[in-house]
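Colleague: Input work-v6.csv, format and content: CSV, C-alpha atoms and all ligand atoms.
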```csv
chain,number,residue,atom,x,y,z
B,1,MET,CA,-59.3,73.5,24.5
B,2,ILE,CA,-56.6,74.7,22.2
B,3,PRO,CA,-56.8,78.5,21.8
B,4,ARG,CA,-57.5,79.6,18.3
B,5,SER,CA,-54.3,81.6,18.0
B,6,ALA,CA,-52.2,78.5,19.0
B,7,LYS,CA,-54.0,76.4,16.4
B,8,ALA,CA,-53.4,79.0,13.7
B,9,SER,CA,-49.7,79.3,14.4
B,10,HIS,CA,-49.5,75.5,14.6
B,11,GLY,CA,-50.9,75.4,11.1
B,12,LEU,CA,-48.5,78.1,9.8
B,13,ARG,CA,-45.5,76.3,11.2
B,14,LEU,CA,-46.6,73.1,9.6
B,15,ALA,CA,-47.0,74.8,6.2
B,16,SER,CA,-43.6,76.5,6.2
B,17,ALA,CA,-41.7,73.4,7.4
B,18,ALA,CA,-43.4,71.3,4.6
B,19,HIS,CA,-42.3,73.9,2.1
B,20,ALA,CA,-38.7,73.8,3.2
B,21,ASP,CA,-38.5,70.1,2.5
B,22,PRO,CA,-39.7,69.4,-1.0
B,23,ASP,CA,-37.2,66.7,-1.7
B,24,SER,CA,-38.6,63.2,-0.9
B,25,THR,CA,-35.1,61.7,-0.7
B,26,ALA,CA,-34.6,63.7,2.6
B,27,PHE,CA,-36.2,60.7,4.2
B,28,ALA,CA,-33.0,58.8,4.9
B,29,GLU,CA,-32.5,55.1,4.9
B,30,LYS,CA,-32.9,53.6,8.4
B,31,ILE,CA,-32.8,49.8,8.8
B,32,PRO,CA,-32.2,48.1,12.1
B,33,ALA,CA,-29.7,45.2,12.0
B,34,ALA,CA,-32.5,42.8,13.2
B,35,PHE,CA,-34.6,43.7,10.2
B,36,ARG,CA,-31.7,43.7,7.8
B,37,ALA,CA,-30.9,40.1,8.9
B,38,ARG,CA,-34.2,39.0,7.4
B,39,ILE,CA,-33.3,40.3,3.9
B,40,ASP,CA,-31.9,37.8,1.5
B,41,PRO,CA,-28.9,39.6,-0.1
B,42,ARG,CA,-28.8,37.2,-3.0
B,43,ASP,CA,-32.4,38.1,-4.0
B,44,PRO,CA,-32.5,41.3,-6.1
B,45,ASP,CA,-36.3,41.4,-5.6
B,46,ASP,CA,-36.3,40.7,-1.9
B,47,PRO,CA,-39.6,42.0,-0.5
B,48,LEU,CA,-38.1,43.3,2.7
B,49,ALA,CA,-35.3,45.1,0.8
B,50,ARG,CA,-37.8,46.8,-1.4
B,51,GLN,CA,-39.6,48.3,1.7
B,52,VAL,CA,-36.5,49.9,3.1
B,53,PHE,CA,-33.8,50.6,0.5
B,54,LEU,CA,-33.9,54.0,-1.1
B,55,HIS,CA,-35.0,53.7,-4.7
B,56,ALA,CA,-34.4,56.1,-7.7
B,57,ASP,CA,-38.2,56.0,-8.4
B,58,GLU,CA,-38.8,58.0,-5.3
B,59,ARG,CA,-37.6,61.1,-7.2
B,60,LEU,CA,-40.2,60.7,-10.0
B,61,PRO,CA,-43.1,63.2,-9.7
B,62,ALA,CA,-46.5,61.5,-10.0
B,63,MET,CA,-49.9,63.0,-10.5
B,64,GLY,CA,-52.0,63.0,-7.4
B,65,PHE,CA,-49.2,62.0,-5.0
B,66,THR,CA,-48.9,64.8,-2.4
B,67,SER,CA,-47.4,65.5,1.0
B,68,ASP,CA,-50.6,65.2,3.1
B,69,PRO,CA,-52.6,62.6,1.2
B,70,VAL,CA,-54.9,61.7,4.2
B,71,GLY,CA,-55.7,65.2,5.4
B,72,ASP,CA,-54.3,64.6,8.9
B,73,LEU,CA,-52.8,68.0,9.0
B,74,GLU,CA,-56.3,69.3,8.7
B,75,ALA,CA,-57.8,67.0,11.3
B,76,GLY,CA,-55.4,68.1,14.0
B,77,VAL,CA,-57.1,69.7,17.0
B,78,GLY,CA,-53.9,70.5,18.8
B,79,PRO,CA,-50.2,69.7,18.4
B,80,GLY,CA,-50.1,65.9,17.8
B,81,VAL,CA,-53.8,65.4,18.6
B,82,ILE,CA,-55.9,64.1,15.7
B,83,HIS,CA,-59.6,63.7,16.3
B,84,LYS,CA,-60.8,62.5,12.9
B,85,TYR,CA,-63.1,59.6,13.8
B,86,SER,CA,-65.8,59.3,16.4
B,87,GLY,CA,-65.0,57.8,19.8
B,88,ARG,CA,-61.3,57.6,19.4
B,89,VAL,CA,-58.4,60.1,19.4
B,90,LEU,CA,-55.1,59.5,17.7
B,91,LEU,CA,-52.0,61.0,19.4
B,92,ILE,CA,-48.8,61.5,17.4
B,93,ALA,CA,-46.6,60.3,20.2
B,94,THR,CA,-43.3,61.1,18.4
B,95,GLY,CA,-42.1,61.7,14.9
B,96,ALA,CA,-39.3,59.1,15.2
B,97,CYS,CA,-39.3,55.5,13.9
B,98,ALA,CA,-36.9,52.6,14.4
B,99,ILE,CA,-37.2,51.9,10.7
B,100,HIS,CA,-37.9,54.1,7.6
B,101,CYS,CA,-40.4,52.5,5.3
B,102,ARG,CA,-40.1,54.0,1.8
B,103,TYR,CA,-43.9,53.9,1.2
B,104,CYS,CA,-44.7,55.7,4.4
B,105,PHE,CA,-47.3,58.6,4.0
B,106,ARG,CA,-45.7,60.3,7.0
B,107,ARG,CA,-42.4,60.6,5.3
B,108,HIS,CA,-43.1,64.3,4.5
B,109,TYR,CA,-44.5,65.2,7.9
B,110,PRO,CA,-43.1,68.3,9.4
B,111,TYR,CA,-43.3,66.9,12.9
B,112,GLY,CA,-40.7,69.2,14.5
B,113,GLU,CA,-42.0,69.6,18.1
B,114,GLN,CA,-45.6,69.0,17.1
B,115,THR,CA,-46.1,65.8,19.0
B,116,ALA,CA,-48.5,65.0,21.8
B,117,SER,CA,-45.6,64.0,24.1
B,118,ARG,CA,-43.7,67.3,23.9
B,119,ASP,CA,-45.3,68.9,27.0
B,120,ASP,CA,-45.4,65.6,28.9
B,121,TRP,CA,-48.9,65.0,27.4
B,122,VAL,CA,-50.5,67.9,29.3
B,123,ALA,CA,-52.5,69.4,26.4
B,124,ALA,CA,-53.5,65.9,25.0
B,125,LEU,CA,-54.8,64.8,28.4
B,126,ARG,CA,-56.7,68.0,28.8
B,127,TYR,CA,-58.3,67.5,25.4
B,128,LEU,CA,-59.3,64.0,26.3
B,129,GLU,CA,-60.7,65.1,29.7
B,130,GLU,CA,-62.9,67.5,27.9
B,131,HIS,CA,-64.3,64.9,25.4
B,132,PRO,CA,-66.3,62.3,27.3
B,133,ASP,CA,-67.5,60.7,24.1
B,134,VAL,CA,-63.9,59.5,23.5
B,135,SER,CA,-63.3,56.0,25.0
B,136,GLU,CA,-60.1,54.9,23.1
B,137,VAL,CA,-56.7,56.6,22.8
B,138,ILE,CA,-54.5,55.5,19.9
B,139,LEU,CA,-50.8,56.1,20.1
B,140,SER,CA,-49.3,56.5,16.6
B,141,GLY,CA,-46.4,58.4,15.1
B,142,GLY,CA,-43.8,57.8,14.1
B,143,ASP,CA,-43.5,54.8,16.4
B,144,PRO,CA,-44.8,55.4,19.9
B,145,LEU,CA,-42.7,52.6,21.3
B,146,THR,CA,-39.5,54.5,20.5
B,147,LEU,CA,-40.4,56.7,23.5
B,148,SER,CA,-39.0,55.9,26.9
B,149,VAL,CA,-41.1,53.8,29.2
B,150,ARG,CA,-40.9,56.7,31.7
B,151,ARG,CA,-42.7,58.9,29.1
B,152,LEU,CA,-45.2,56.3,28.2
B,153,ARG,CA,-46.0,55.6,31.9
B,154,THR,CA,-46.7,59.4,32.4
B,155,LEU,CA,-49.3,59.1,29.8
B,156,THR,CA,-51.0,56.0,31.1
B,157,GLU,CA,-51.0,57.4,34.6
B,158,GLY,CA,-52.8,60.4,33.3
B,159,LEU,CA,-55.3,58.3,31.2
B,160,ASN,CA,-56.1,56.3,34.4
B,161,GLN,CA,-57.5,59.5,35.9
B,162,ILE,CA,-60.0,59.9,33.0
B,163,ALA,CA,-63.0,57.6,33.7
B,164,HIS,CA,-64.3,57.6,30.1
B,165,ILE,CA,-61.1,56.3,28.6
B,166,ARG,CA,-61.3,52.5,28.5
B,167,ARG,CA,-58.9,51.4,25.8
B,168,LEU,CA,-55.3,52.1,24.8
B,169,ARG,CA,-54.3,51.1,21.3
B,170,ILE,CA,-50.7,51.3,20.1
B,171,HIS,CA,-49.8,51.3,16.4
B,172,THR,CA,-46.2,50.2,16.2
B,173,ARG,CA,-43.7,48.5,13.9
B,174,LEU,CA,-41.0,48.2,16.6
B,175,PRO,CA,-41.7,44.5,17.4
B,176,ILE,CA,-40.9,43.8,13.7
B,177,ALA,CA,-38.2,46.4,13.1
B,178,ASP,CA,-36.2,45.6,16.2
B,179,PRO,CA,-37.7,42.9,18.5
B,180,GLY,CA,-34.7,43.1,20.8
B,181,ALA,CA,-35.4,46.7,21.5
B,182,VAL,CA,-38.9,45.8,22.8
B,183,ALA,CA,-37.4,43.1,25.0
B,184,ARG,CA,-34.8,45.5,26.4
B,185,SER,CA,-37.0,48.5,26.9
B,186,GLY,CA,-39.4,47.4,29.7
B,187,ILE,CA,-42.3,48.1,27.4
B,188,VAL,CA,-44.0,44.7,28.1
B,189,SER,CA,-43.9,45.1,31.9
B,190,TRP,CA,-45.3,48.7,31.5
B,191,LEU,CA,-48.1,47.4,29.3
B,192,ALA,CA,-48.8,44.5,31.7
B,193,GLY,CA,-49.4,47.1,34.5
B,194,VAL,CA,-51.8,49.3,32.5
B,195,ALA,CA,-55.3,49.0,33.8
B,196,LEU,CA,-57.0,49.9,30.5
B,197,GLN,CA,-57.8,47.3,27.8
B,198,ARG,CA,-54.8,47.2,25.5
B,199,VAL,CA,-54.6,46.6,21.8
B,200,VAL,CA,-51.3,46.5,19.9
B,201,VAL,CA,-51.6,46.8,16.1
B,202,VAL,CA,-48.3,45.7,14.6
B,203,HIS,CA,-47.4,46.3,11.0
B,204,VAL,CA,-46.2,43.4,8.9
B,205,ASN,CA,-46.4,43.3,5.1
B,206,HIS,CA,-44.7,40.1,4.2
B,207,PRO,CA,-44.3,36.8,6.0
B,208,ASN,CA,-40.5,37.0,5.8
B,209,GLU,CA,-40.7,39.8,8.4
B,210,LEU,CA,-41.7,37.3,11.0
B,211,ASP,CA,-39.1,35.0,12.7
B,212,ALA,CA,-38.4,33.5,16.1
B,213,HIS,CA,-37.5,36.9,17.6
B,214,THR,CA,-40.8,38.5,16.5
B,215,ASP,CA,-42.7,35.4,17.7
B,216,GLU,CA,-41.1,35.8,21.1
B,217,VAL,CA,-42.2,39.4,21.4
B,218,PHE,CA,-45.8,38.6,20.3
B,219,THR,CA,-45.9,35.9,23.0
B,220,GLN,CA,-44.7,38.3,25.6
B,221,LEU,CA,-47.3,40.9,24.6
B,222,ARG,CA,-50.1,38.3,24.7
B,223,ASP,CA,-49.0,37.0,28.0
B,224,ALA,CA,-49.3,40.6,29.3
B,225,GLY,CA,-52.9,40.6,28.3
B,226,VAL,CA,-52.6,42.5,25.0
B,227,THR,CA,-54.9,41.9,22.0
B,228,LEU,CA,-52.7,41.7,18.9
B,229,LEU,CA,-53.8,42.8,15.5
B,230,ASN,CA,-51.8,43.5,12.3
B,231,GLN,CA,-52.1,46.1,9.6
B,232,SER,CA,-50.4,45.9,6.2
B,233,VAL,CA,-50.1,48.1,3.2
B,234,LEU,CA,-50.7,46.7,-0.2
B,235,LEU,CA,-47.4,47.2,-2.0
B,236,ALA,CA,-46.4,46.5,-5.6
B,237,GLY,CA,-43.4,44.1,-5.7
B,238,VAL,CA,-43.8,43.3,-2.0
B,239,ASN,CA,-47.2,41.6,-1.2
B,240,ASP,CA,-49.4,42.3,-4.3
B,241,SER,CA,-50.2,38.6,-4.6
B,242,ALA,CA,-52.8,36.3,-3.0
B,243,PRO,CA,-50.3,33.5,-2.1
B,244,VAL,CA,-48.1,36.0,-0.2
B,245,LEU,CA,-51.0,37.6,1.7
B,246,SER,CA,-52.6,34.3,2.4
B,247,ALA,CA,-49.3,33.0,3.8
B,248,LEU,CA,-49.0,36.2,5.8
B,249,SER,CA,-52.4,35.8,7.4
B,250,GLU,CA,-51.7,32.2,8.3
B,251,ARG,CA,-48.2,33.1,9.7
B,252,LEU,CA,-49.6,36.0,11.7
B,253,PHE,CA,-52.3,33.9,13.3
B,254,ALA,CA,-49.8,31.2,14.2
B,255,ALA,CA,-47.9,33.9,16.0
B,256,GLY,CA,-51.0,35.1,17.8
B,257,ALA,CA,-52.0,38.2,15.7
B,258,LEU,CA,-55.2,38.7,13.7
B,259,PRO,CA,-55.2,40.5,10.3
B,260,TYR,CA,-57.0,43.8,10.7
B,261,TYR,CA,-56.5,46.2,7.8
B,262,LEU,CA,-54.9,45.9,4.4
B,263,HIS,CA,-54.4,49.5,3.3
B,264,GLN,CA,-54.5,50.8,-0.2
B,265,LEU,CA,-51.4,53.0,-0.4
B,266,ASP,CA,-51.8,56.6,0.7
B,267,ARG,CA,-50.7,58.7,-2.2
B,268,ALA,CA,-47.7,60.4,-0.7
B,269,GLN,CA,-45.2,62.0,-3.0
B,270,GLY,CA,-42.3,59.6,-3.9
B,271,THR,CA,-44.3,56.4,-3.3
B,272,ALA,CA,-46.0,55.9,-6.7
B,273,HIS,CA,-43.9,52.9,-7.6
B,274,PHE,CA,-45.6,51.0,-4.7
B,275,ALA,CA,-49.1,51.6,-6.0
B,276,VAL,CA,-51.5,48.7,-6.8
B,277,CYS,CA,-54.6,49.6,-8.9
B,278,ASP,CA,-58.0,49.0,-7.3
B,279,GLN,CA,-58.9,46.3,-9.9
B,280,ILE,CA,-55.9,44.1,-9.0
B,281,ALA,CA,-56.5,44.8,-5.3
B,282,ARG,CA,-60.1,43.5,-5.6
B,283,GLU,CA,-58.9,40.4,-7.5
B,284,ILE,CA,-56.4,39.6,-4.7
B,285,MET,CA,-59.2,40.1,-2.1
B,286,HIS,CA,-61.5,37.7,-4.0
B,287,ALA,CA,-58.7,35.1,-4.0
B,288,LEU,CA,-58.0,35.6,-0.3
B,289,ARG,CA,-61.7,35.2,0.6
B,290,SER,CA,-61.9,32.0,-1.5
B,291,GLN,CA,-58.9,30.5,0.3
B,292,LEU,CA,-58.9,31.6,3.9
B,293,SER,CA,-61.0,31.4,7.0
B,294,GLY,CA,-63.1,34.5,7.3
B,295,PHE,CA,-61.2,35.8,10.3
B,296,LEU,CA,-57.9,35.6,8.4
B,297,VAL,CA,-59.1,38.0,5.7
B,298,PRO,CA,-58.0,41.6,6.3
B,299,ARG,CA,-60.3,44.5,5.5
B,300,LEU,CA,-59.1,46.3,2.3
B,301,VAL,CA,-59.5,50.0,3.0
B,302,ARG,CA,-58.5,53.4,1.7
B,303,GLU,CA,-58.1,56.5,3.8
B,304,ALA,CA,-60.0,59.5,2.4
B,305,ALA,CA,-59.6,63.0,3.8
B,306,GLY,CA,-62.9,64.1,5.3
B,307,ALA,CA,-64.6,60.6,5.4
B,308,PRO,CA,-66.0,59.4,8.8
B,309,TYR,CA,-64.1,56.1,8.6
B,310,LYS,CA,-61.5,54.3,6.5
B,311,LEU,CA,-63.4,53.4,3.3
B,312,PRO,CA,-63.8,49.7,2.5
B,313,LEU,CA,-62.9,48.7,-1.1
B,314,LEU,CA,-65.4,46.0,-2.0
S,401,LIG,C1,-56.8,54.9,11.3
S,401,LIG,C2,-57.1,56.0,12.2
S,401,LIG,C3,-57.8,55.8,13.4
S,401,LIG,C4,-58.4,54.4,13.8
S,401,LIG,O1,-59.3,54.0,12.9
S,401,LIG,P1,-59.9,52.5,13.1
S,401,LIG,O2,-60.8,52.3,11.9
S,401,LIG,O3,-60.6,52.5,14.4
S,401,LIG,O4,-58.8,51.5,13.1
S,401,LIG,C5,-58.1,56.8,14.2
S,401,LIG,N1,-57.7,58.1,13.9
S,401,LIG,C6,-57.0,58.4,12.8
S,401,LIG,C7,-56.6,59.8,12.5
S,401,LIG,C8,-56.7,57.3,11.9
S,401,LIG,O5,-56.0,57.6,10.8
S,402,LIG,S1,-42.7,52.4,11.0
S,402,LIG,FE1,-44.7,53.2,10.3
S,402,LIG,S2,-44.6,55.4,10.6
S,402,LIG,FE2,-42.5,54.7,10.7
S,402,LIG,S3,-41.8,54.8,8.5
S,402,LIG,FE3,-42.6,52.7,8.8
S,402,LIG,S4,-44.7,52.9,8.1
S,402,LIG,FE4,-44.0,55.0,8.5
```
As structure tokens - that is how I would like this structure written.
Ligand SMILES: *Cc1c(COP(=O)(O)O)cnc(C)c1O
Ligand code: SF4

Modeller:
Amino acid sequence: MIPRSAKASHGLRLASAAHADPDSTAFAEKIPAAFRARIDPRDPDDPLARQVFLHADERLPAMGFTSDPVGDLEAGVGPGVIHKYSGRVLLIATGACAIHCRYCFRRHYPYGEQTASRDDWVAALRYLEEHPDVSEVILSGGDPLTLSVRRLRTLTEGLNQIAHIRRLRIHTRLPIADPGAVARSGIVSWLAGVALQRVVVVHVNHPNELDAHTDEVFTQLRDAGVTLLNQSVLLAGVNDSAPVLSALSERLFAAGALPYYLHQLDRAQGTAHFAVCDQIAREIMHALRSQLSGFLVPRLVREAAGAPYKLPLL
């Protein structure tokens, strides 16, 4: 258990760090060469460019767009440990990402040292040991696959000792942001050796993000016994159209990944220019359901602070 005083000071540190960083443009551009290579420089509306290039609209204040739109800072039970939903615990493995997505709701997060890996996972593992109702551990961030394999292996060796943990899920954009980094890192052979059931949820918003290099990483992950899912964010000017999302689902499945979630944008400050209204979102879903095999239709959801699951938008 996390002592009350530690939890209180954790909260205080988070609050003051957030206060010190009110300018949304402090989230610098970060675009790996492999992702940049998939951008068409002649297209002023390139859907990949829009996701990663800093835009003047980020400076516009917008009603209802805040720095913790999903209430994660409230749901934390210890540094980097978020137990918001029943049966699964999310670990903020690291604050770092290989790519900076302009729409990201974590862009304001005062991570500092508040990650689950900072003490070699000791507090996180203790929390999991003490919660026998938890069967799944989710690594998120930031991007957990930017950690070294040595660090990741320390965690999975610890998880192996906890009988009620059966599944490891990893939320990552690294296979898309920088597929070569996955190939070089030893991540695939680490995952192949993990005794838990393994799920990797990648993050692709537009079919142009997939190419022969990402296909190769998906194949390696599947050969290692990993179940591959995808989550997307519904983004104005990127994928707010049924033909784009339909092509994305088909392309993902051809590469071996099933569509899982399509997220309505979390209302983080500086991201309002990406918002798609619920009415349009529903119309897009209707078109997708009319065109695609059922298993190729992602679930449209919205994250709500305090809700027991991600709320479906019907
Ligand atoms: C999204 C999320 C999960 C996982 O939810 P699923 O519906 O199982 O994908 C778990 N914990 C937190 C804090 C989340 O935001
Ligand atoms: S990779 Fe994920 S966590 Fe990192 S900036 Fe992009 S959306 Fe946010």

Colleague: Taking only C-alpha atoms and all ligand atoms and a cut-off of 12 Å, can you tell me which residues surround ligand LIG 402 (chain S), written as a PyMOL selection string?

Modeller: chain B and resi 27-32+35+51-52+92-109+111+139-146+170-178+201-205+231-235+263+265-266+268+271

Colleague: Could you give me the residues within 10 Å of ligand LIG 401 (chain S), counting all atoms listed in the file, as a compact mmCIF listing (two decimals) with C-alpha atoms, in the coordinates of the input?

Modeller:
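Writing the result to part-v9.txt gives the following:
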```
# COMPACT_ATOMS: atom_id res chain seq x y z
CA VAL B 70 -54.90 61.70 4.20
CA GLY B 71 -55.70 65.20 5.40
CA ASP B 72 -54.30 64.60 8.90
CA LEU B 73 -52.80 68.00 9.00
CA ALA B 75 -57.80 67.00 11.30
CA GLY B 76 -55.40 68.10 14.00
CA VAL B 81 -53.80 65.40 18.60
CA ILE B 82 -55.90 64.10 15.70
CA HIS B 83 -59.60 63.70 16.30
CA LYS B 84 -60.80 62.50 12.90
CA TYR B 85 -63.10 59.60 13.80
CA SER B 86 -65.80 59.30 16.40
CA GLY B 87 -65.00 57.80 19.80
CA ARG B 88 -61.30 57.60 19.40
CA VAL B 89 -58.40 60.10 19.40
CA LEU B 90 -55.10 59.50 17.70
CA LEU B 91 -52.00 61.00 19.40
CA ILE B 92 -48.80 61.50 17.40
CA GLU B 136 -60.10 54.90 23.10
CA VAL B 137 -56.70 56.60 22.80
CA ILE B 138 -54.50 55.50 19.90
CA LEU B 139 -50.80 56.10 20.10
CA SER B 140 -49.30 56.50 16.60
CA ARG B 169 -54.30 51.10 21.30
CA HIS B 171 -49.80 51.30 16.40
CA VAL B 201 -51.60 46.80 16.10
CA GLN B 231 -52.10 46.10 9.60
CA TYR B 260 -57.00 43.80 10.70
CA TYR B 261 -56.50 46.20 7.80
CA HIS B 263 -54.40 49.50 3.30
CA VAL B 301 -59.50 50.00 3.00
CA ARG B 302 -58.50 53.40 1.70
CA GLU B 303 -58.10 56.50 3.80
CA ALA B 304 -60.00 59.50 2.40
CA ALA B 305 -59.60 63.00 3.80
CA PRO B 308 -66.00 59.40 8.80
CA TYR B 309 -64.10 56.10 8.60
CA LYS B 310 -61.50 54.30 6.50
CA LEU B 311 -63.40 53.40 3.30
```

Colleague: Using all atoms listed in the file, which of the listed residues (B:Leu152, B:Ala192, B:Leu258, B:Ala183) sits closest to Glu216 of chain B?

Modeller: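 Between B:Leu152, B:Ala192, B:Leu258, B:Ala183, the residue approaching Glu216 of chain B most closely is B:Ala183.
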
Colleague: Determine the nearest neighbour of Ala123 of chain B from the options B:Gly180, B:Pro207, B:Pro79, B:Pro69, counting all atoms listed in the file.

Modeller: B:Pro79

Colleague: Go ahead and compute the interatomic distance for atom CA of Val134 of chain B and atom CA of Asn160 of chain B, in Å to one decimal.

Modeller: 13.8 Å

Colleague: In Å, with one decimal, what is the gap from atom CA of Phe253 of chain B to atom CA of Glu209 of chain B?

Modeller: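 A separation of 13.9 Å between them.
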
Colleague: Rounded to one decimal in Å, what is the spacing between atom CA of Leu245 of chain B and atom CA of Leu314 of chain B?

Modeller: 17.1 Å

Colleague: Which one of B:Ala275, B:Ala307, B:Leu296, B:Leu196 sits closest to Ile165 of chain B if you count all atoms listed in the file?

Modeller: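 Between B:Ala275, B:Ala307, B:Leu296, B:Leu196, the residue approaching Ile165 of chain B most closely is B:Leu196.
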
Colleague: Pick from B:Leu155, B:Met285, B:Leu48, B:Leu147: nearest to Arg126 of chain B, with all atoms listed in the file counted?

Modeller: B:Leu155

Colleague: Could you name the residues that touch Leu210 of chain B at 9 Å or less, counting all atoms listed in the file, but leaving out those on the same chain fewer than 5 positions away, as a list of chain:residue names?

Modeller: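 Contacts, with the query itself left out: B:Arg38, B:Ile176, B:Val204, B:Asp215, B:Arg251, B:Leu252, B:Ala255.
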
Colleague: Smallest atom-to-atom distance to Pro243 of chain B: which of B:Ile284, B:Leu262, B:Val217, B:Ala116, using all atoms listed in the file?

Modeller: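 Under the stated criterion, the closest residue is B:Ile284.
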
Colleague: Select, counting all atoms listed in the file, all protein, DNA and RNA residues no farther than 12 Å from (-48.3, 38.4, 25.0) in file coordinates, and express the selection as a ChimeraX atom specification.

Modeller: /B:175,183,187-189,191-192,198-200,214-229,255-257
